[in-house]
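> Supplied in structure tokens, the structure appears directly below.
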Amino acid sequence: MFSLEANAWYKDFSASGLGNLFSTNITTPGLSLEDPYVHCTSNNSVCQVTTSMAEINSAATMMALLLSPKFDFRSTYWLLAGIAGVNPKFGTLGSVALSQYAVHVALQYEFDPREAPTNFTSGYFGFGTTGPGQYPTQLYGTEVMELNKDLRDAVAQFATNATLNDSPQALSYRNRYDRIDDYTAALKPPSVIACDTATSDVYYSGNRLSEGFEQYVTLITNGTGNYCMTAQEDNAILEVLLRMDIAQRADFSRVILMRTGADFDRPPPNVSLLQHVTQDAQNGLMISLDNIYNAGIEIVKGIVKNWDCTFKKGIAPSNYIGDIWGSLGGTPDFGPGRRALPPAEVEGSGARKRARRGDKHKLPRAINLESAEDAC
């Protein structure tokens, strides 16, 4: 999304065995003014683009890229990789989250909390409602994006092969969360986790906002999403990819969303929010940048290695994928009046099917890729 995240790939990619990421450098009208090139290996098997930060920049870059006549993205896998604020209930500094949902949490009414009713848990509540905890009745379409859970589970196996960076300084800060039972995940070393992102252009922090958005993610996904990472770009990028799938210029079932924890989204006990955000050194930034590459390169290598036997044809999703309107076909199992589907699969659009999800923050059960790897 921005230069520090891009540099995580640039500084170590040459050691990956996948080639020189700067063998081919392509520009096209409409890319980021700060990063106006797509960098590719000599055989074009791996490319990298930096969108610039926040929703407007990222959407503009992605739309320009996907409409460019210089590229054919119909079989491309997209790894959206960036740093984030991490929810201490699910992860810690340096944790790597692979997501099934991206939720546009800022797409709500907002009151200054000092003027909100006393029974409001935060200043945010859904469009068309009268308070927090009610499902929005006025929809824009980008509220929830659901990705291919089977693809996420497959690449999680690759990511867990990574040695994730940690530091004594990050350990020292995360140990401050030891007084709250719900925060046991914050005390553990970085790991790969399965949970979801919350998109907002606003860099938010604090218990009330984070708890409010956590509750909203649960609400709008009908109890199946678990908020663990903040984001500024995810729903914007995913909306572009969804529209380009409809235009037959991309495949939304080939999108992977990965975030790494650079800081905590709320302060530890007995630390003020201002001190947490502006004064204390959480020491998560550098390890989160390192772990973008450490986990991400394992995913990239896994896809390239298993291309002919597994990834060329794609991994068909067993869950619904797409937006809240069902724009790609099938019926979302979230939305006004929807409930999580029963365990039995229901026929979707083409190969796309839906099934009820389980406990999302735990790593998925392994998918058997051994036969595919042997065939390669």
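By convention here, the chains of the structure tokens are called A, B, ... in the order presented, each chain's residues are numbered starting at 1, and ligands are numbered starting at 1 in the order presented.
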For region 81-93 of chain A, work out the shell of residues within 7 Å, counting only C-alpha atoms and skipping chain neighbours fewer than 5 positions away, then give it as a PDB file with N, CA, C and O atoms, in the first residue's frame.


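Output (selection29.pdb):
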```pdb
ATOM      1  N   MET A   1       0.815  -1.200   0.000  1.00  0.00           N
ATOM      2  CA  MET A   1       0.000   0.000   0.000  1.00  0.00           C
ATOM      3  C   MET A   1       0.868   1.277   0.000  1.00  0.00           C
ATOM      4  O   MET A   1       0.510   2.267  -0.602  1.00  0.00           O
ATOM      5  N   GLU A   5       5.931  -0.858   3.086  1.00  0.00           N
ATOM      6  CA  GLU A   5       5.438  -2.202   2.792  1.00  0.00           C
ATOM      7  C   GLU A   5       6.045  -2.735   1.497  1.00  0.00           C
ATOM      8  O   GLU A   5       6.380  -3.916   1.393  1.00  0.00           O
ATOM      9  N   ALA A 170       9.247  -5.746  21.271  1.00  0.00           N
ATOM     10  CA  ALA A 170       7.832  -6.045  21.053  1.00  0.00           C
ATOM     11  C   ALA A 170       7.298  -6.930  22.175  1.00  0.00           C
ATOM     12  O   ALA A 170       6.157  -6.747  22.635  1.00  0.00           O
ATOM     13  N   ASP A 182      -9.082 -11.710  28.328  1.00  0.00           N
ATOM     14  CA  ASP A 182      -9.420 -11.748  26.903  1.00  0.00           C
ATOM     15  C   ASP A 182      -8.208 -11.515  26.014  1.00  0.00           C
ATOM     16  O   ASP A 182      -8.278 -11.744  24.803  1.00  0.00           O
ATOM     17  N   TYR A 183      -7.115 -11.035  26.579  1.00  0.00           N
ATOM     18  CA  TYR A 183      -5.965 -10.633  25.769  1.00  0.00           C
ATOM     19  C   TYR A 183      -4.829 -11.653  25.805  1.00  0.00           C
ATOM     20  O   TYR A 183      -3.669 -11.316  25.570  1.00  0.00           O
ATOM     21  N   THR A 184      -5.126 -12.904  26.063  1.00  0.00           N
ATOM     22  CA  THR A 184      -4.061 -13.907  26.110  1.00  0.00           C
ATOM     23  C   THR A 184      -3.349 -14.045  24.767  1.00  0.00           C
ATOM     24  O   THR A 184      -2.153 -14.346  24.727  1.00  0.00           O
ATOM     25  N   ALA A 185      -4.064 -13.816  23.653  1.00  0.00           N
ATOM     26  CA  ALA A 185      -3.430 -13.912  22.335  1.00  0.00           C
ATOM     27  C   ALA A 185      -2.352 -12.854  22.162  1.00  0.00           C
ATOM     28  O   ALA A 185      -1.371 -13.064  21.438  1.00  0.00           O
ATOM     29  N   ALA A 186      -2.516 -11.723  22.817  1.00  0.00           N
ATOM     30  CA  ALA A 186      -1.532 -10.643  22.703  1.00  0.00           C
ATOM     31  C   ALA A 186      -0.203 -11.009  23.330  1.00  0.00           C
ATOM     32  O   ALA A 186       0.838 -10.438  22.976  1.00  0.00           O
ATOM     33  N   LEU A 187      -0.213 -11.937  24.267  1.00  0.00           N
ATOM     34  CA  LEU A 187       0.998 -12.290  25.005  1.00  0.00           C
ATOM     35  C   LEU A 187       1.861 -13.315  24.286  1.00  0.00           C
ATOM     36  O   LEU A 187       3.014 -13.530  24.663  1.00  0.00           O
ATOM     37  N   LYS A 188       1.317 -13.927  23.247  1.00  0.00           N
ATOM     38  CA  LYS A 188       2.025 -15.001  22.545  1.00  0.00           C
ATOM     39  C   LYS A 188       2.927 -14.433  21.442  1.00  0.00           C
ATOM     40  O   LYS A 188       2.730 -13.309  20.979  1.00  0.00           O
ATOM     41  N   PRO A 190       4.392 -13.922  17.593  1.00  0.00           N
ATOM     42  CA  PRO A 190       3.659 -13.798  16.327  1.00  0.00           C
ATOM     43  C   PRO A 190       3.388 -15.158  15.700  1.00  0.00           C
ATOM     44  O   PRO A 190       4.219 -16.069  15.754  1.00  0.00           O
ATOM     45  N   CYS A 228      -9.987  -8.631  13.614  1.00  0.00           N
ATOM     46  CA  CYS A 228      -8.687  -8.682  14.284  1.00  0.00           C
ATOM     47  C   CYS A 228      -7.679  -7.695  13.725  1.00  0.00           C
ATOM     48  O   CYS A 228      -6.652  -7.467  14.364  1.00  0.00           O
ATOM     49  N   MET A 229      -7.919  -7.102  12.565  1.00  0.00           N
ATOM     50  CA  MET A 229      -6.939  -6.194  11.971  1.00  0.00           C
ATOM     51  C   MET A 229      -7.623  -4.960  11.390  1.00  0.00           C
ATOM     52  O   MET A 229      -8.685  -5.057  10.776  1.00  0.00           O
ATOM     53  N   THR A 230      -6.995  -3.804  11.568  1.00  0.00           N
ATOM     54  CA  THR A 230      -7.473  -2.576  10.943  1.00  0.00           C
ATOM     55  C   THR A 230      -6.933  -2.486   9.516  1.00  0.00           C
ATOM     56  O   THR A 230      -5.973  -3.168   9.158  1.00  0.00           O
ATOM     57  N   ALA A 231      -7.548  -1.626   8.719  1.00  0.00           N
ATOM     58  CA  ALA A 231      -7.092  -1.435   7.337  1.00  0.00           C
ATOM     59  C   ALA A 231      -7.637  -0.111   6.822  1.00  0.00           C
ATOM     60  O   ALA A 231      -8.688   0.357   7.270  1.00  0.00           O
ATOM     61  N   LEU A 257      -6.187 -11.917   1.194  1.00  0.00           N
ATOM     62  CA  LEU A 257      -6.051 -10.706   2.004  1.00  0.00           C
ATOM     63  C   LEU A 257      -5.219 -11.020   3.234  1.00  0.00           C
ATOM     64  O   LEU A 257      -5.580 -11.880   4.037  1.00  0.00           O
ATOM     65  N   MET A 258      -4.107 -10.313   3.377  1.00  0.00           N
ATOM     66  CA  MET A 258      -3.163 -10.573   4.467  1.00  0.00           C
ATOM     67  C   MET A 258      -2.759  -9.268   5.133  1.00  0.00           C
ATOM     68  O   MET A 258      -2.398  -8.304   4.475  1.00  0.00           O
ATOM     69  N   ARG A 259      -2.851  -9.225   6.455  1.00  0.00           N
ATOM     70  CA  ARG A 259      -2.421  -8.070   7.237  1.00  0.00           C
ATOM     71  C   ARG A 259      -1.517  -8.534   8.374  1.00  0.00           C
ATOM     72  O   ARG A 259      -1.704  -9.613   8.932  1.00  0.00           O
ATOM     73  N   THR A 260      -0.536  -7.688   8.734  1.00  0.00           N
ATOM     74  CA  THR A 260       0.363  -8.003   9.843  1.00  0.00           C
ATOM     75  C   THR A 260       0.255  -6.914  10.916  1.00  0.00           C
ATOM     76  O   THR A 260       0.107  -5.731  10.608  1.00  0.00           O
ATOM     77  N   GLY A 261       0.350  -7.327  12.184  1.00  0.00           N
ATOM     78  CA  GLY A 261       0.139  -6.405  13.291  1.00  0.00           C
ATOM     79  C   GLY A 261       1.342  -5.518  13.568  1.00  0.00           C
ATOM     80  O   GLY A 261       2.391  -5.995  14.001  1.00  0.00           O
ATOM     81  N   ALA A 262       1.161  -4.205  13.343  1.00  0.00           N
ATOM     82  CA  ALA A 262       2.235  -3.234  13.599  1.00  0.00           C
ATOM     83  C   ALA A 262       2.066  -2.544  14.941  1.00  0.00           C
ATOM     84  O   ALA A 262       3.035  -2.051  15.522  1.00  0.00           O
ATOM     85  N   ASP A 263       0.834  -2.466  15.433  1.00  0.00           N
ATOM     86  CA  ASP A 263       0.528  -1.855  16.719  1.00  0.00           C
ATOM     87  C   ASP A 263      -0.798  -2.419  17.209  1.00  0.00           C
ATOM     88  O   ASP A 263      -1.534  -3.033  16.436  1.00  0.00           O
ATOM     89  N   PHE A 264      -1.098  -2.217  18.468  1.00  0.00           N
ATOM     90  CA  PHE A 264      -2.368  -2.672  19.019  1.00  0.00           C
ATOM     91  C   PHE A 264      -3.443  -1.601  18.798  1.00  0.00           C
ATOM     92  O   PHE A 264      -3.151  -0.398  18.874  1.00  0.00           O
ATOM     93  N   ASP A 265      -4.670  -2.042  18.560  1.00  0.00           N
ATOM     94  CA  ASP A 265      -5.746  -1.096  18.273  1.00  0.00           C
ATOM     95  C   ASP A 265      -6.346  -0.461  19.522  1.00  0.00           C
ATOM     96  O   ASP A 265      -7.256   0.357  19.419  1.00  0.00           O
ATOM     97  N   GLY A 284       6.350  -2.620  17.089  1.00  0.00           N
ATOM     98  CA  GLY A 284       5.795  -3.632  16.204  1.00  0.00           C
ATOM     99  C   GLY A 284       5.982  -3.354  14.731  1.00  0.00           C
ATOM    100  O   GLY A 284       5.792  -4.250  13.901  1.00  0.00           O
ATOM    101  N   SER A 288       6.446  -6.234  11.822  1.00  0.00           N
ATOM    102  CA  SER A 288       5.272  -6.406  10.963  1.00  0.00           C
ATOM    103  C   SER A 288       5.652  -6.269   9.495  1.00  0.00           C
ATOM    104  O   SER A 288       5.141  -7.004   8.635  1.00  0.00           O
ATOM    105  N   LEU A 289       6.562  -5.353   9.194  1.00  0.00           N
ATOM    106  CA  LEU A 289       7.044  -5.211   7.815  1.00  0.00           C
ATOM    107  C   LEU A 289       7.829  -6.447   7.397  1.00  0.00           C
ATOM    108  O   LEU A 289       7.651  -6.972   6.289  1.00  0.00           O
ATOM    109  N   ILE A 292       5.414  -9.284   6.623  1.00  0.00           N
ATOM    110  CA  ILE A 292       4.733  -9.206   5.330  1.00  0.00           C
ATOM    111  C   ILE A 292       5.487 -10.065   4.325  1.00  0.00           C
ATOM    112  O   ILE A 292       4.898 -10.883   3.605  1.00  0.00           O
ATOM    113  N   HIS A 361     -10.855 -17.690  13.996  1.00  0.00           N
ATOM    114  CA  HIS A 361      -9.553 -17.182  14.398  1.00  0.00           C
ATOM    115  C   HIS A 361      -8.536 -18.292  14.560  1.00  0.00           C
ATOM    116  O   HIS A 361      -7.350 -18.025  14.622  1.00  0.00           O
TER     117      HIS A 361
END
```

> Using only C-alpha atoms, which of the listed residues (A:Gly322, A:Gly94, A:Ser16, A:Ser3) sits closest to Met244 (chain A)?

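When distances to Met244 (chain A) are compared using only C-alpha atoms, the smallest one comes from A:Gly322.
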
> What's around Asp35 (chain A) at 12 Å? Count only C-alpha atoms, leave out sequence neighbours fewer than 3 positions away in its own chain, and write the answer as a ChimeraX atom specification.

/A:1-4,6-7,25-32,38-39,48-53,57-58,61

> Residues of region 163-305 of chain A classed as alpha helix (DSSP H) by DSSP on the backbone are to be reported as an MDAnalysis selection string.

chainID A and resid 168:174 207:220 234:246 273:274 285:305

> Using only C-alpha atoms, find the one residue out of A:Tyr203, A:Tyr135, A:Phe73, A:Tyr293 that sits nearest to Ala8 (chain A).

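Looking at the shortest contact to Ala8 (chain A), the residue is A:Tyr293.
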
> Kindly indicate which residue among A:Gln134, A:Ser191, A:Gln157, A:Thr331 lies nearest to Ile299 (chain A), using only C-alpha atoms for the distances.

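Using only C-alpha atoms, the shortest distance to Ile299 (chain A) belongs to A:Gln157.
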
> Could you write out, as a list in words, all the residues of region 217-265 of chain A that DSSP marks as strand (DSSP E)?

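Here are the strand (DSSP E) residues of region 217-265 of chain A: Tyr227, Cys228, Met229, Thr230, Ala231, Val255, Ile256, Leu257, Met258, Arg259, Thr260, Gly261, Ala262, Asp263 and Phe264 of chain A.
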
> With N, CA and C atoms retained, export the selected residues as a PDB file, in the first residue's frame.


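Contents of result.pdb, freshly written:
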```pdb
ATOM      1  N   TYR A 227     -13.307  -9.651  13.894  1.00  0.00           N
ATOM      2  CA  TYR A 227     -12.419  -8.527  13.602  1.00  0.00           C
ATOM      3  C   TYR A 227     -11.100  -8.668  14.359  1.00  0.00           C
ATOM      4  N   CYS A 228      -9.987  -8.631  13.614  1.00  0.00           N
ATOM      5  CA  CYS A 228      -8.687  -8.682  14.284  1.00  0.00           C
ATOM      6  C   CYS A 228      -7.679  -7.695  13.725  1.00  0.00           C
ATOM      7  N   MET A 229      -7.919  -7.102  12.565  1.00  0.00           N
ATOM      8  CA  MET A 229      -6.939  -6.194  11.971  1.00  0.00           C
ATOM      9  C   MET A 229      -7.623  -4.960  11.390  1.00  0.00           C
ATOM     10  N   THR A 230      -6.995  -3.804  11.568  1.00  0.00           N
ATOM     11  CA  THR A 230      -7.473  -2.576  10.943  1.00  0.00           C
ATOM     12  C   THR A 230      -6.933  -2.486   9.516  1.00  0.00           C
ATOM     13  N   ALA A 231      -7.548  -1.626   8.719  1.00  0.00           N
ATOM     14  CA  ALA A 231      -7.092  -1.435   7.337  1.00  0.00           C
ATOM     15  C   ALA A 231      -7.637  -0.111   6.822  1.00  0.00           C
ATOM     16  N   VAL A 255      -8.384 -13.973  -4.806  1.00  0.00           N
ATOM     17  CA  VAL A 255      -7.901 -12.861  -3.993  1.00  0.00           C
ATOM     18  C   VAL A 255      -7.561 -13.357  -2.592  1.00  0.00           C
ATOM     19  N   ILE A 256      -6.378 -12.964  -2.118  1.00  0.00           N
ATOM     20  CA  ILE A 256      -5.899 -13.310  -0.776  1.00  0.00           C
ATOM     21  C   ILE A 256      -5.667 -12.007  -0.022  1.00  0.00           C
ATOM     22  N   LEU A 257      -6.187 -11.917   1.194  1.00  0.00           N
ATOM     23  CA  LEU A 257      -6.051 -10.706   2.004  1.00  0.00           C
ATOM     24  C   LEU A 257      -5.219 -11.020   3.234  1.00  0.00           C
ATOM     25  N   MET A 258      -4.107 -10.313   3.377  1.00  0.00           N
ATOM     26  CA  MET A 258      -3.163 -10.573   4.467  1.00  0.00           C
ATOM     27  C   MET A 258      -2.759  -9.268   5.133  1.00  0.00           C
ATOM     28  N   ARG A 259      -2.851  -9.225   6.455  1.00  0.00           N
ATOM     29  CA  ARG A 259      -2.421  -8.070   7.237  1.00  0.00           C
ATOM     30  C   ARG A 259      -1.517  -8.534   8.374  1.00  0.00           C
ATOM     31  N   THR A 260      -0.536  -7.688   8.734  1.00  0.00           N
ATOM     32  CA  THR A 260       0.363  -8.003   9.843  1.00  0.00           C
ATOM     33  C   THR A 260       0.255  -6.914  10.916  1.00  0.00           C
ATOM     34  N   GLY A 261       0.350  -7.327  12.184  1.00  0.00           N
ATOM     35  CA  GLY A 261       0.139  -6.405  13.291  1.00  0.00           C
ATOM     36  C   GLY A 261       1.342  -5.518  13.568  1.00  0.00           C
ATOM     37  N   ALA A 262       1.161  -4.205  13.343  1.00  0.00           N
ATOM     38  CA  ALA A 262       2.235  -3.234  13.599  1.00  0.00           C
ATOM     39  C   ALA A 262       2.066  -2.544  14.941  1.00  0.00           C
ATOM     40  N   ASP A 263       0.834  -2.466  15.433  1.00  0.00           N
ATOM     41  CA  ASP A 263       0.528  -1.855  16.719  1.00  0.00           C
ATOM     42  C   ASP A 263      -0.798  -2.419  17.209  1.00  0.00           C
ATOM     43  N   PHE A 264      -1.098  -2.217  18.468  1.00  0.00           N
ATOM     44  CA  PHE A 264      -2.368  -2.672  19.019  1.00  0.00           C
ATOM     45  C   PHE A 264      -3.443  -1.601  18.798  1.00  0.00           C
TER      46      PHE A 264
END
```

> Using only C-alpha atoms, find the one residue out of A:Thr76, A:Thr41, A:Thr199, A:Asn20 that sits nearest to Phe311 (chain A).

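Between A:Thr76, A:Thr41, A:Thr199, A:Asn20, the residue approaching Phe311 (chain A) most closely is A:Thr76.
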
> Considering only C-alpha atoms, return as a tab-separated table (two decimals) with N, CA, C and O atoms, in the first residue's frame whatever protein or nucleic-acid residues lie within 9 Å of Asp323 (chain A), sequence-local ones (same chain, fewer than 2 positions apart) excluded.


```tsv
chain	number	residue	atom	x	y	z
A	141	GLY	N	-23.33	-1.36	-0.69
A	141	GLY	CA	-22.78	-2.48	-1.45
A	141	GLY	C	-21.40	-2.90	-1.05
A	141	GLY	O	-20.98	-4.03	-1.31
A	142	THR	N	-20.64	-2.00	-0.39
A	142	THR	CA	-19.26	-2.33	0.00
A	142	THR	C	-19.14	-2.66	1.48
A	142	THR	O	-18.03	-2.78	2.00
A	143	GLU	N	-20.27	-2.83	2.16
A	143	GLU	CA	-20.24	-3.06	3.60
A	143	GLU	C	-19.43	-4.29	3.97
A	143	GLU	O	-18.66	-4.27	4.94
A	144	VAL	N	-19.61	-5.37	3.23
A	144	VAL	CA	-18.90	-6.63	3.50
A	144	VAL	C	-18.40	-7.21	2.19
A	144	VAL	O	-19.14	-7.25	1.20
A	145	MET	N	-17.16	-7.65	2.17
A	145	MET	CA	-16.62	-8.43	1.08
A	145	MET	C	-16.19	-9.78	1.64
A	145	MET	O	-15.42	-9.83	2.60
A	146	GLU	N	-16.70	-10.85	1.05
A	146	GLU	CA	-16.32	-12.19	1.50
A	146	GLU	C	-15.43	-12.84	0.45
A	146	GLU	O	-15.78	-12.87	-0.74
A	239	GLU	N	-13.60	-3.92	-3.92
A	239	GLU	CA	-14.70	-3.49	-4.78
A	239	GLU	C	-14.25	-3.38	-6.23
A	239	GLU	O	-14.98	-3.76	-7.15
A	242	LEU	N	-13.94	-6.89	-7.58
A	242	LEU	CA	-15.27	-7.46	-7.81
A	242	LEU	C	-15.86	-6.94	-9.12
A	242	LEU	O	-16.40	-7.70	-9.93
A	321	ILE	N	-18.88	-16.04	-2.14
A	321	ILE	CA	-17.88	-14.98	-2.26
A	321	ILE	C	-18.52	-13.78	-2.96
A	321	ILE	O	-19.39	-13.93	-3.82
A	325	TRP	N	-24.62	-7.65	-1.99
A	325	TRP	CA	-25.71	-7.70	-2.97
A	325	TRP	C	-25.74	-8.98	-3.80
A	325	TRP	O	-26.65	-9.18	-4.60
A	326	GLY	N	-24.74	-9.83	-3.66
A	326	GLY	CA	-24.69	-11.02	-4.49
A	326	GLY	C	-24.34	-10.73	-5.94
A	326	GLY	O	-24.79	-11.42	-6.85
A	327	SER	N	-23.48	-9.73	-6.15
A	327	SER	CA	-23.20	-9.26	-7.51
A	327	SER	C	-22.52	-10.31	-8.39
A	327	SER	O	-22.62	-10.24	-9.62
A	328	LEU	N	-21.81	-11.27	-7.78
A	328	LEU	CA	-21.11	-12.29	-8.56
A	328	LEU	C	-21.94	-13.57	-8.71
A	328	LEU	O	-21.46	-14.56	-9.24
A	332	PRO	N	-25.82	-14.14	-0.70
A	332	PRO	CA	-24.98	-13.96	0.48
A	332	PRO	C	-25.62	-14.58	1.71
A	332	PRO	O	-26.85	-14.53	1.88
```

> Of the candidates A:Arg208, A:Arg266, A:His276, A:Arg176, which one gets nearest to Tyr124 (chain A) if we count only C-alpha atoms?

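Checking each of A:Arg208, A:Arg266, A:His276, A:Arg176 against Tyr124 (chain A), counting only C-alpha atoms, the winner is A:Arg208.
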
> Can you measure CA of Met62 (chain A) to CA of Ala236 (chain A) for me? One decimal in Å is fine.

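Spanning CA of Met62 (chain A) to CA of Ala236 (chain A) is a straight-line distance of 9.0 Å.
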